[in-house]
>>> print(open('structure-v2.txt').read())   # compact mmCIF, C-alpha atoms
# COMPACT_ATOMS: atom_id res chain seq x y z
CA MET Q 306 0.00 0.00 0.00
CA ALA Q 307 1.35 3.41 -0.94
CA GLU Q 308 2.20 5.70 1.94
CA LYS Q 309 -0.27 8.51 2.39
CA LYS Q 310 1.22 11.99 2.34
CA SER Q 311 0.05 15.19 4.02
CA TYR Q 312 0.49 18.21 1.77
CA SER Q 313 1.31 21.79 2.77
CA ILE Q 314 -0.02 25.03 1.28
CA ALA Q 315 3.39 25.55 -0.34
CA GLU Q 316 3.14 22.17 -2.10
CA ILE Q 317 -0.44 22.86 -3.22
CA ALA Q 318 0.75 26.21 -4.62
CA GLN Q 319 3.67 24.55 -6.45
CA ILE Q 320 1.41 21.90 -8.00
CA CYS Q 321 -1.06 24.56 -9.19
CA GLY Q 322 1.66 26.98 -10.32
CA VAL Q 323 0.43 29.81 -8.09
CA SER Q 324 1.59 31.60 -4.97
CA LYS Q 325 0.90 30.45 -1.39
CA ALA Q 326 -1.12 33.66 -0.88
CA THR Q 327 -3.41 32.70 -3.76
CA VAL Q 328 -4.05 29.22 -2.30
CA SER Q 329 -4.62 30.76 1.13
CA ARG Q 330 -7.22 33.18 -0.26
CA VAL Q 331 -9.13 30.32 -1.90
CA ILE Q 332 -9.01 28.17 1.26
CA ASN Q 333 -10.29 31.06 3.37
CA ALA Q 334 -13.16 31.77 0.94
CA ASN Q 335 -11.69 35.16 0.09
CA PRO Q 336 -10.62 34.64 -3.54
CA GLN Q 337 -10.32 38.36 -4.38
CA GLY Q 338 -8.10 38.73 -7.44
CA VAL Q 339 -8.18 34.97 -8.18
CA GLY Q 340 -9.63 34.03 -11.56
CA PRO Q 341 -12.44 31.41 -11.77
CA LYS Q 342 -10.28 28.86 -13.60
CA THR Q 343 -7.41 29.22 -11.11
CA ARG Q 344 -9.83 28.94 -8.19
CA GLU Q 345 -11.41 25.81 -9.71
CA LYS Q 346 -7.98 24.26 -10.29
CA ILE Q 347 -6.91 24.92 -6.68
CA LEU Q 348 -10.14 23.51 -5.24
CA LYS Q 349 -9.87 20.38 -7.41
CA THR Q 350 -6.25 19.85 -6.36
CA ILE Q 351 -7.17 20.26 -2.70
CA GLN Q 352 -9.95 17.69 -3.11
CA ASP Q 353 -7.80 15.22 -5.07
CA LEU Q 354 -5.01 15.37 -2.48
CA ASN Q 355 -7.39 15.29 0.53
CA TYR Q 356 -5.76 18.47 1.81
CA ARG Q 357 -6.84 19.80 5.22
CA PRO Q 358 -5.64 23.21 6.43
CA ASN Q 359 -3.25 23.15 9.39
CA ALA Q 360 -5.44 24.47 12.23
CA LEU Q 361 -2.44 25.04 14.49
CA ALA Q 362 -0.64 27.12 11.89
CA ARG Q 363 -3.81 29.07 11.18
CA SER Q 364 -4.30 29.79 14.90
CA VAL Q 365 -0.75 31.17 15.12
CA ALA Q 366 -1.37 33.41 12.13
CA THR Q 367 -4.79 34.66 13.24
CA SER Q 368 -4.37 34.47 17.06
CA LYS Q 369 -7.60 32.43 17.05
CA SER Q 370 -7.75 28.69 17.74
CA GLY Q 371 -11.41 28.12 16.89
CA THR Q 372 -11.69 26.26 20.19
CA ILE Q 373 -13.74 26.84 23.34
CA GLY Q 374 -12.87 25.31 26.72
CA LEU Q 375 -15.68 23.77 28.78
CA ILE Q 376 -15.12 22.78 32.42
CA ILE Q 377 -17.74 20.56 34.10
CA PRO Q 378 -17.76 19.44 37.76
CA ASP Q 379 -18.58 15.84 36.80
CA VAL Q 380 -19.35 14.74 33.23
CA SER Q 381 -20.69 11.40 34.50
CA ASN Q 382 -23.54 13.20 36.29
CA PHE Q 383 -26.80 12.84 34.28
CA PHE Q 384 -27.48 16.54 34.88
CA TYR Q 385 -24.78 17.73 32.47
CA PRO Q 386 -25.18 15.89 29.11
CA LYS Q 387 -28.11 18.03 27.94
CA MET Q 388 -26.18 21.18 28.80
CA ILE Q 389 -23.04 19.95 27.06
CA ARG Q 390 -25.20 19.16 24.03
CA GLY Q 391 -26.63 22.67 24.11
CA VAL Q 392 -23.12 24.13 24.09
CA THR Q 393 -21.76 21.88 21.34
CA ASP Q 394 -24.85 22.21 19.14
CA TYR Q 395 -24.53 25.98 19.14
CA LEU Q 396 -20.74 26.09 18.77
CA ASP Q 397 -20.95 23.66 15.84
CA THR Q 398 -22.99 26.24 13.94
CA CYS Q 399 -20.20 28.77 14.55
CA GLY Q 400 -17.39 26.46 13.48
CA TYR Q 401 -15.90 26.04 16.96
CA SER Q 402 -14.50 22.89 18.55
CA VAL Q 403 -14.82 22.14 22.27
CA ILE Q 404 -12.34 20.85 24.84
CA VAL Q 405 -14.06 19.37 27.91
CA GLY Q 406 -12.49 18.95 31.34
CA ASN Q 407 -13.62 17.73 34.79
CA SER Q 408 -13.14 19.81 37.93
CA ASP Q 409 -14.63 17.26 40.38
CA TYR Q 410 -15.91 20.21 42.46
CA SER Q 411 -12.29 20.96 43.39
CA PRO Q 412 -11.12 24.61 43.13
CA GLU Q 413 -7.55 23.36 42.76
CA GLN Q 414 -8.39 21.01 39.91
CA GLU Q 415 -10.54 23.67 38.30
CA ALA Q 416 -7.58 26.07 38.41
CA GLN Q 417 -5.35 23.46 36.76
CA GLN Q 418 -7.93 22.88 34.02
CA LEU Q 419 -8.22 26.61 33.38
CA MET Q 420 -4.47 27.02 33.02
CA ARG Q 421 -4.30 24.08 30.60
CA LEU Q 422 -6.92 25.77 28.48
CA ILE Q 423 -4.84 28.95 28.46
CA ASP Q 424 -1.87 26.89 27.27
CA ARG Q 425 -4.03 25.48 24.46
CA ARG Q 426 -4.85 29.04 23.38
CA VAL Q 427 -8.63 28.60 23.51
CA ASP Q 428 -10.68 31.58 22.34
CA GLY Q 429 -13.03 31.48 25.32
CA ILE Q 430 -14.04 29.40 28.32
CA LEU Q 431 -17.36 28.21 29.73
CA LEU Q 432 -17.22 27.29 33.40
CA PHE Q 433 -20.09 25.25 34.83
CA SER Q 434 -21.37 25.15 38.40
CA GLY Q 435 -18.82 24.38 41.08
CA VAL Q 436 -17.31 25.51 44.33
CA SER Q 437 -16.41 29.19 44.69
CA ASN Q 438 -12.97 29.95 43.26
CA LYS Q 439 -12.94 33.74 43.53
CA GLU Q 440 -9.33 34.20 44.55
CA PHE Q 441 -8.00 32.25 41.59
CA LEU Q 442 -10.50 33.69 39.08
CA THR Q 443 -9.62 37.23 40.17
CA ASP Q 444 -6.01 36.58 39.17
CA PHE Q 445 -7.05 34.50 36.12
CA ARG Q 446 -8.76 37.50 34.53
CA LYS Q 447 -5.34 38.97 33.70
CA TYR Q 448 -5.20 36.58 30.72
CA ASN Q 449 -8.14 38.43 29.13
CA ILE Q 450 -9.83 35.24 27.96
CA PRO Q 451 -13.61 35.71 27.51
CA LEU Q 452 -15.28 33.80 30.35
CA GLY Q 453 -18.88 32.61 30.64
CA LEU Q 454 -20.40 30.98 33.72
CA ILE Q 455 -23.47 28.76 33.88
CA GLY Q 456 -25.27 27.82 37.09
CA ARG Q 457 -22.68 29.61 39.15
CA ARG Q 458 -23.68 32.68 41.15
CA ASN Q 459 -20.74 32.78 43.54
CA ASP Q 460 -18.23 34.02 40.91
CA TYR Q 461 -20.48 35.66 38.32
CA SER Q 462 -19.06 39.17 38.93
CA LEU Q 463 -15.70 37.91 37.60
CA SER Q 464 -17.17 36.72 34.30
CA ASP Q 465 -18.00 38.44 31.03
CA THR Q 466 -21.38 36.72 30.88
CA SER Q 467 -23.35 34.30 33.03
CA ILE Q 468 -26.66 32.48 33.30
CA SER Q 469 -28.14 30.57 36.20
CA GLY Q 470 -31.43 29.34 37.55
CA ASP Q 471 -33.04 31.09 40.49
CA ASN Q 472 -32.16 28.39 43.01
CA ILE Q 473 -33.64 30.29 45.95
CA ARG Q 474 -36.96 30.35 44.13
CA GLY Q 475 -36.54 26.69 43.16
CA GLY Q 476 -35.95 25.64 46.77
CA TYR Q 477 -38.86 27.78 47.90
CA ILE Q 478 -41.47 26.37 45.48
CA SER Q 479 -40.34 22.82 46.24
CA ALA Q 480 -40.60 23.21 50.02
CA SER Q 481 -43.79 25.27 49.78
CA HIS Q 482 -45.60 22.53 47.85
CA LEU Q 483 -44.71 19.93 50.47
CA LEU Q 484 -45.84 22.23 53.26
CA LYS Q 485 -49.12 22.92 51.41
CA THR Q 486 -49.88 19.20 51.20
CA GLY Q 487 -49.62 18.94 54.97
CA SER Q 488 -45.99 18.03 55.61
CA ARG Q 489 -44.56 19.43 58.82
CA ARG Q 490 -41.27 17.55 58.89
CA VAL Q 491 -39.66 18.07 55.49
CA VAL Q 492 -36.23 16.47 55.20
CA TYR Q 493 -33.93 18.44 52.90
CA VAL Q 494 -31.22 16.35 51.18
CA GLU Q 495 -28.57 18.21 49.19
CA GLY Q 496 -25.40 17.46 47.28
CA ASN Q 497 -22.14 19.34 47.82
CA PRO Q 498 -22.94 22.06 50.43
CA LYS Q 499 -20.15 24.31 49.09
CA VAL Q 500 -21.84 24.74 45.70
CA THR Q 501 -23.80 27.97 45.26
CA GLY Q 502 -26.93 26.18 44.07
CA SER Q 503 -26.99 24.03 47.21
CA GLN Q 504 -26.66 27.06 49.45
CA GLN Q 505 -29.38 28.96 47.61
CA ARG Q 506 -31.85 26.06 47.58
CA LEU Q 507 -31.36 25.81 51.34
CA GLN Q 508 -32.28 29.49 51.59
CA GLY Q 509 -35.49 28.77 49.68
CA TYR Q 510 -36.26 25.84 51.98
CA GLN Q 511 -35.72 28.06 55.03
CA GLN Q 512 -37.81 30.89 53.56
CA ALA Q 513 -40.79 28.59 52.96
CA HIS Q 514 -40.63 27.28 56.54
CA LEU Q 515 -40.51 30.79 57.96
CA GLU Q 516 -43.58 31.81 55.94
CA TYR Q 517 -45.48 28.78 57.23
CA GLY Q 518 -44.34 29.43 60.79
CA ILE Q 519 -42.59 26.07 61.06
CA PRO Q 520 -39.28 25.95 62.96
CA ILE Q 521 -36.25 24.83 60.97
CA GLN Q 522 -34.73 21.68 62.46
CA GLU Q 523 -31.08 21.12 61.68
CA GLU Q 524 -31.39 17.32 61.94
CA LEU Q 525 -33.68 17.43 58.89
CA ILE Q 526 -30.96 19.01 56.70
CA ILE Q 527 -28.56 16.51 55.12
CA SER Q 528 -25.81 17.05 52.54
CA GLY Q 529 -23.27 14.89 50.74
CA ASP Q 530 -22.96 14.53 46.95
CA TYR Q 531 -25.08 14.48 43.81
CA SER Q 532 -25.55 10.77 43.21
CA ILE Q 533 -28.07 7.92 43.29
CA ASP Q 534 -25.82 6.06 45.73
CA PHE Q 535 -25.91 8.97 48.15
CA GLY Q 536 -29.70 9.03 47.94
CA ARG Q 537 -29.84 5.32 48.82
CA TYR Q 538 -27.41 5.90 51.68
CA VAL Q 539 -29.56 8.70 53.10
CA ALA Q 540 -32.77 6.65 52.83
CA LYS Q 541 -31.15 3.68 54.59
CA ASN Q 542 -30.00 5.91 57.45
CA LEU Q 543 -33.39 7.60 57.76
CA LEU Q 544 -35.13 4.23 57.98
CA LYS Q 545 -32.56 2.89 60.43
CA SER Q 546 -32.86 5.95 62.68
CA GLY Q 547 -36.64 5.75 62.82
CA MET Q 548 -36.77 9.51 62.27
CA LYS Q 549 -40.31 10.85 61.85
CA LEU Q 550 -40.73 12.54 58.46
CA ASP Q 551 -43.53 13.49 56.10
CA SER Q 552 -41.64 14.29 52.91
CA ILE Q 553 -38.21 14.66 51.38
CA MET Q 554 -37.07 17.59 49.27
CA THR Q 555 -33.81 17.14 47.39
CA GLY Q 556 -31.35 19.28 45.44
CA SER Q 557 -30.86 16.69 42.70
CA ASP Q 558 -32.99 14.22 40.76
CA LEU Q 559 -30.24 11.63 41.17
CA ILE Q 560 -30.43 11.91 44.96
CA ALA Q 561 -34.23 11.69 44.80
CA ILE Q 562 -34.15 8.59 42.58
CA GLY Q 563 -31.81 6.88 45.04
CA ILE Q 564 -34.08 7.79 47.95
CA VAL Q 565 -37.26 6.61 46.24
CA THR Q 566 -35.63 3.33 45.17
CA GLU Q 567 -34.53 2.51 48.72
CA LEU Q 568 -37.80 3.56 50.36
CA LEU Q 569 -39.88 1.46 47.97
CA LYS Q 570 -37.58 -1.50 48.54
CA ASN Q 571 -38.37 -1.24 52.26
CA GLY Q 572 -42.14 -1.07 51.83
CA VAL Q 573 -42.58 2.70 52.15
CA ARG Q 574 -45.48 3.90 50.01
CA ILE Q 575 -44.77 6.90 47.83
CA PRO Q 576 -46.39 9.40 47.94
CA ASP Q 577 -48.90 8.05 50.53
CA ASP Q 578 -46.36 7.62 53.33
CA VAL Q 579 -43.60 9.95 52.14
CA GLU Q 580 -43.56 12.52 49.34
CA VAL Q 581 -40.34 13.12 47.38
CA ILE Q 582 -39.33 16.00 45.11
CA GLY Q 583 -36.18 16.08 42.97
CA TYR Q 584 -34.42 18.98 41.30
CA ASP Q 585 -33.27 19.55 37.67
CA ASN Q 586 -35.84 17.53 35.66
CA ILE Q 587 -33.26 15.28 33.96
CA GLY Q 588 -34.46 12.74 31.39
CA LEU Q 589 -34.61 9.88 33.91
CA THR Q 590 -37.44 11.55 35.85
CA THR Q 591 -40.08 10.56 33.30
CA VAL Q 592 -38.94 6.96 32.74
CA PHE Q 593 -38.27 6.17 36.39
CA HIS Q 594 -41.20 4.58 38.26
CA PRO Q 595 -42.92 6.26 39.93
CA THR Q 596 -42.30 9.30 37.76
CA LEU Q 597 -40.48 11.92 39.79
CA SER Q 598 -41.85 15.32 40.80
CA THR Q 599 -39.08 17.87 40.36
CA VAL Q 600 -38.05 21.47 39.80
CA SER Q 601 -37.28 22.22 36.16
CA LYS Q 602 -35.09 24.68 34.28
CA PRO Q 603 -34.51 24.90 30.51
CA HIS Q 604 -30.95 23.53 30.67
CA TYR Q 605 -30.43 23.04 26.94
CA GLU Q 606 -31.66 26.54 26.15
CA MET Q 607 -29.55 28.03 28.96
CA ALA Q 608 -26.46 26.35 27.53
CA GLN Q 609 -27.23 27.64 24.05
CA HIS Q 610 -27.77 31.15 25.39
CA ILE Q 611 -24.46 31.32 27.27
CA SER Q 612 -22.64 29.89 24.21
CA GLU Q 613 -24.13 32.56 21.98
CA GLN Q 614 -23.19 35.28 24.46
CA LEU Q 615 -19.61 34.02 24.67
CA ILE Q 616 -19.20 33.96 20.88
CA ARG Q 617 -20.56 37.50 20.65
CA ILE Q 618 -17.96 38.63 23.17
CA ILE Q 619 -15.17 36.83 21.29
CA GLN Q 620 -16.28 38.61 18.11
CA GLY Q 621 -16.11 41.98 19.86
CA GLN Q 622 -19.87 42.55 20.00
CA THR Q 623 -21.71 44.21 22.86
CA ILE Q 624 -24.25 42.09 24.76
CA ALA Q 625 -27.29 43.76 26.29
CA LEU Q 626 -27.85 41.50 29.32
CA PRO Q 627 -24.57 39.88 30.34
CA HIS Q 628 -25.93 38.24 33.51
CA THR Q 629 -29.23 36.35 33.32
CA VAL Q 630 -31.26 34.51 35.98
CA VAL Q 631 -33.86 31.99 34.78
CA GLU Q 632 -37.09 31.26 36.69
CA PRO Q 633 -37.61 27.58 37.60
CA THR Q 634 -40.95 25.75 37.48
CA LEU Q 635 -42.39 22.98 39.64
CA VAL Q 636 -43.26 19.79 37.73
CA LEU Q 637 -45.58 17.55 39.72
CA ARG Q 638 -45.69 13.83 38.93
CA GLU Q 639 -46.29 10.62 40.87
CA THR Q 640 -44.00 11.08 43.89
CA THR Q 641 -46.08 13.90 45.39
CA ARG Q 642 -49.69 14.37 46.44
CA SER Q 643 -52.06 17.04 45.15
CA VAL Q 644 -52.65 20.14 47.25
>>> encode(input="structure-v2.txt", output="structure tokens")
Amino acid sequence: MAEKKSYSIAEIAQICGVSKATVSRVINANPQGVGPKTREKILKTIQDLNYRPNALARSVATSKSGTIGLIIPDVSNFFYPKMIRGVTDYLDTCGYSVIVGNSDYSPEQEAQQLMRLIDRRVDGILLFSGVSNKEFLTDFRKYNIPLGLIGRRNDYSLSDTSISGDNIRGGYISASHLLKTGSRRVVYVEGNPKVTGSQQRLQGYQQAHLEYGIPIQEELIISGDYSIDFGRYVAKNLLKSGMKLDSIMTGSDLIAIGIVTELLKNGVRIPDDVEVIGYDNIGLTTVFHPTLSTVSKPHYEMAQHISEQLIRIIQGQTIALPHTVVEPTLVLRETTRSV
């Protein structure tokens, strides 16, 4: 089998009997001063030789890499795929590639990921929800890389653009519904307590209890991580402790699914004995049985919006509303009772 060869612009120019500048103009769809026959000859040669422009060389010449960095706390979490899809779907239409990294909710790892993206000369960065990293981000801004934040209120003042759900409102409508249906001991189960969303949902939970005149009991507030396994662990401990409870409000659908699975396994009737509400409205909520009541936000659309804003900033355009907060809605299904 003949060895395949990668051709350079200089070689394409030599084969076609033109200058490198002429080939470059045709490749970049700016064939000013290039005759139709010459242009056709260059394009045919490029096709015949399977030539692909050197993206690295182009990035050096233009100071643009055509790449966006995307840092996620945990790409294995079912919450993030729809948002990643929203980002990549939009960036595909703009001709951008995406580099994805995990921060694992660690400010130190997030900082390392950010610096690696700087080294790769990305044109902009999207940073998803995580633990506050203000000290590092304050210094990071000296690199003048356009920065967009999604679901992250703790650092938003250090970004060029941001979008997040109103987590205080989300926590409030979740707790309020459970209190309206007669619950007086609402267990609140969260993920990482250092994440802004967790802290804000707790505020909403507390606000609802104050409005209903119900004292907040610290033993009813539990935190850990955003996973099905953690939900199972919490349910096992609640059952083992014999703690009296009417309902469980969570900060994650994954936690809620784990809780419901374990409670049902132990003969607890849902929602007759215990009501459960999730948070995020991930795809599993409608196929899981019983279908999960939850708090919903338009994650795909939020991801598309922040991507569009970031590209506008990269292109030097002015954006009217750099920081946006989206109103959540309560979606009631089979794990809660009617008011």
>>> residues_around(input="structure-v2.txt", residues="Gln620 in chain Q", least_positions_apart="6", cutoff="12 Å", atoms="all atoms listed in the file", output="NGL selection string")
:Q and (369 or 371 or 399 or 428-429 or 451 or 613-614)
>>> residues_around(input="structure-v2.txt", residues="Glu580 in chain Q", least_positions_apart="3", cutoff="6 Å", atoms="all atoms listed in the file", output="PyMOL selection string")
chain Q and resi 552+575-576+640-641
>>> closest_atom_pairs(input="structure-v2.txt", of="range 454-551 of chain Q", to="range 583-607 of chain Q", cutoff="12 Å", atoms="only C-alpha atoms", output="tab-separated table")
residue	atom	partner	partner_atom	distance
Q:Leu454	CA	Q:Met607	CA	10.7
Q:Ile455	CA	Q:Met607	CA	7.9
Q:Gly456	CA	Q:Met607	CA	9.2
Q:Ser467	CA	Q:Met607	CA	9.7
Q:Ile468	CA	Q:Met607	CA	6.9
Q:Ser469	CA	Q:Met607	CA	7.8
Q:Gly470	CA	Q:Lys602	CA	6.8
Q:Asp471	CA	Q:Lys602	CA	9.2
Q:Asn472	CA	Q:Val600	CA	9.6
Q:Ile473	CA	Q:Val600	CA	11.6
Q:Arg474	CA	Q:Val600	CA	9.9
Q:Gly475	CA	Q:Val600	CA	6.4
Q:Gly476	CA	Q:Val600	CA	8.4
Q:Tyr477	CA	Q:Val600	CA	10.3
Q:Ile478	CA	Q:Val600	CA	8.2
Q:Ser479	CA	Q:Val600	CA	7.0
Q:Ala480	CA	Q:Val600	CA	10.7
Q:His482	CA	Q:Ser598	CA	10.8
Q:Leu483	CA	Q:Ser598	CA	11.1
Q:Tyr493	CA	Q:Gly583	CA	10.5
Q:Val494	CA	Q:Gly583	CA	9.6
Q:Glu495	CA	Q:Tyr584	CA	9.9
Q:Gly496	CA	Q:Tyr584	CA	10.9
Q:Gly502	CA	Q:Tyr584	CA	10.8
Q:Ser503	CA	Q:Tyr584	CA	10.8
Q:Arg506	CA	Q:Tyr584	CA	9.8
Q:Tyr531	CA	Q:Tyr584	CA	10.7
Q:Ser532	CA	Q:Gly583	CA	11.9
Q:Ile533	CA	Q:Gly583	CA	11.5
Q:Gly536	CA	Q:Gly583	CA	10.8
>>> closest_residue(input="structure-v2.txt", among="Q:His514, Q:Arg489, Q:Arg642, Q:Lys570", to="Ala540 in chain Q", atoms="only C-alpha atoms")
Q:Lys570
>>> atom_distance(input="structure-v2.txt", atom1="CA of Phe441 in chain Q", atom2="CA of Ile389 in chain Q")
24.3 Å
>>> atom_distance(input="structure-v2.txt", atom1="CA of Asn571 in chain Q", atom2="CA of Ile519 in chain Q")
29.0 Å
>>> axis_aligned_box(input="structure-v2.txt", around="range 558-574 of chain Q", padding_each_side="6 Å", output="JSON")
{"center_x": -37.9, "center_y": 6.4, "center_z": 46.5, "size_x": 27.2, "size_y": 27.7, "size_z": 23.5}
>>> closest_residue(input="structure-v2.txt", among="Q:Leu431, Q:Glu413, Q:Val565, Q:Glu524", to="Ser546 in chain Q", atoms="only C-alpha atoms")
Q:Glu524
>>> atom_distance(input="structure-v2.txt", atom1="CA of Ser324 in chain Q", atom2="CA of Thr372 in chain Q")
28.9 Å
>>> closest_residue(input="structure-v2.txt", among="Q:Phe445, Q:Thr327, Q:Leu396, Q:Tyr312", to="Gln418 in chain Q", atoms="all atoms listed in the file")
Q:Phe445
>>> residues_around(input="structure-v2.txt", residues="Val500 in chain Q", least_positions_apart="2", cutoff="12 Å", atoms="only C-alpha atoms", output="ChimeraX atom specification")
/Q:378,409-412,433-438,456-460,472,495-498,502-507,528-531,556
>>> closest_residue(input="structure-v2.txt", among="Q:Val492, Q:Ile616, Q:Ile450, Q:Val581", to="Ile564 in chain Q", atoms="only C-alpha atoms")
Q:Val581
>>> closest_residue(input="structure-v2.txt", among="Q:Ile430, Q:Ile377, Q:Val405, Q:Ile351", to="Ile618 in chain Q", atoms="all atoms listed in the file")
Q:Ile430
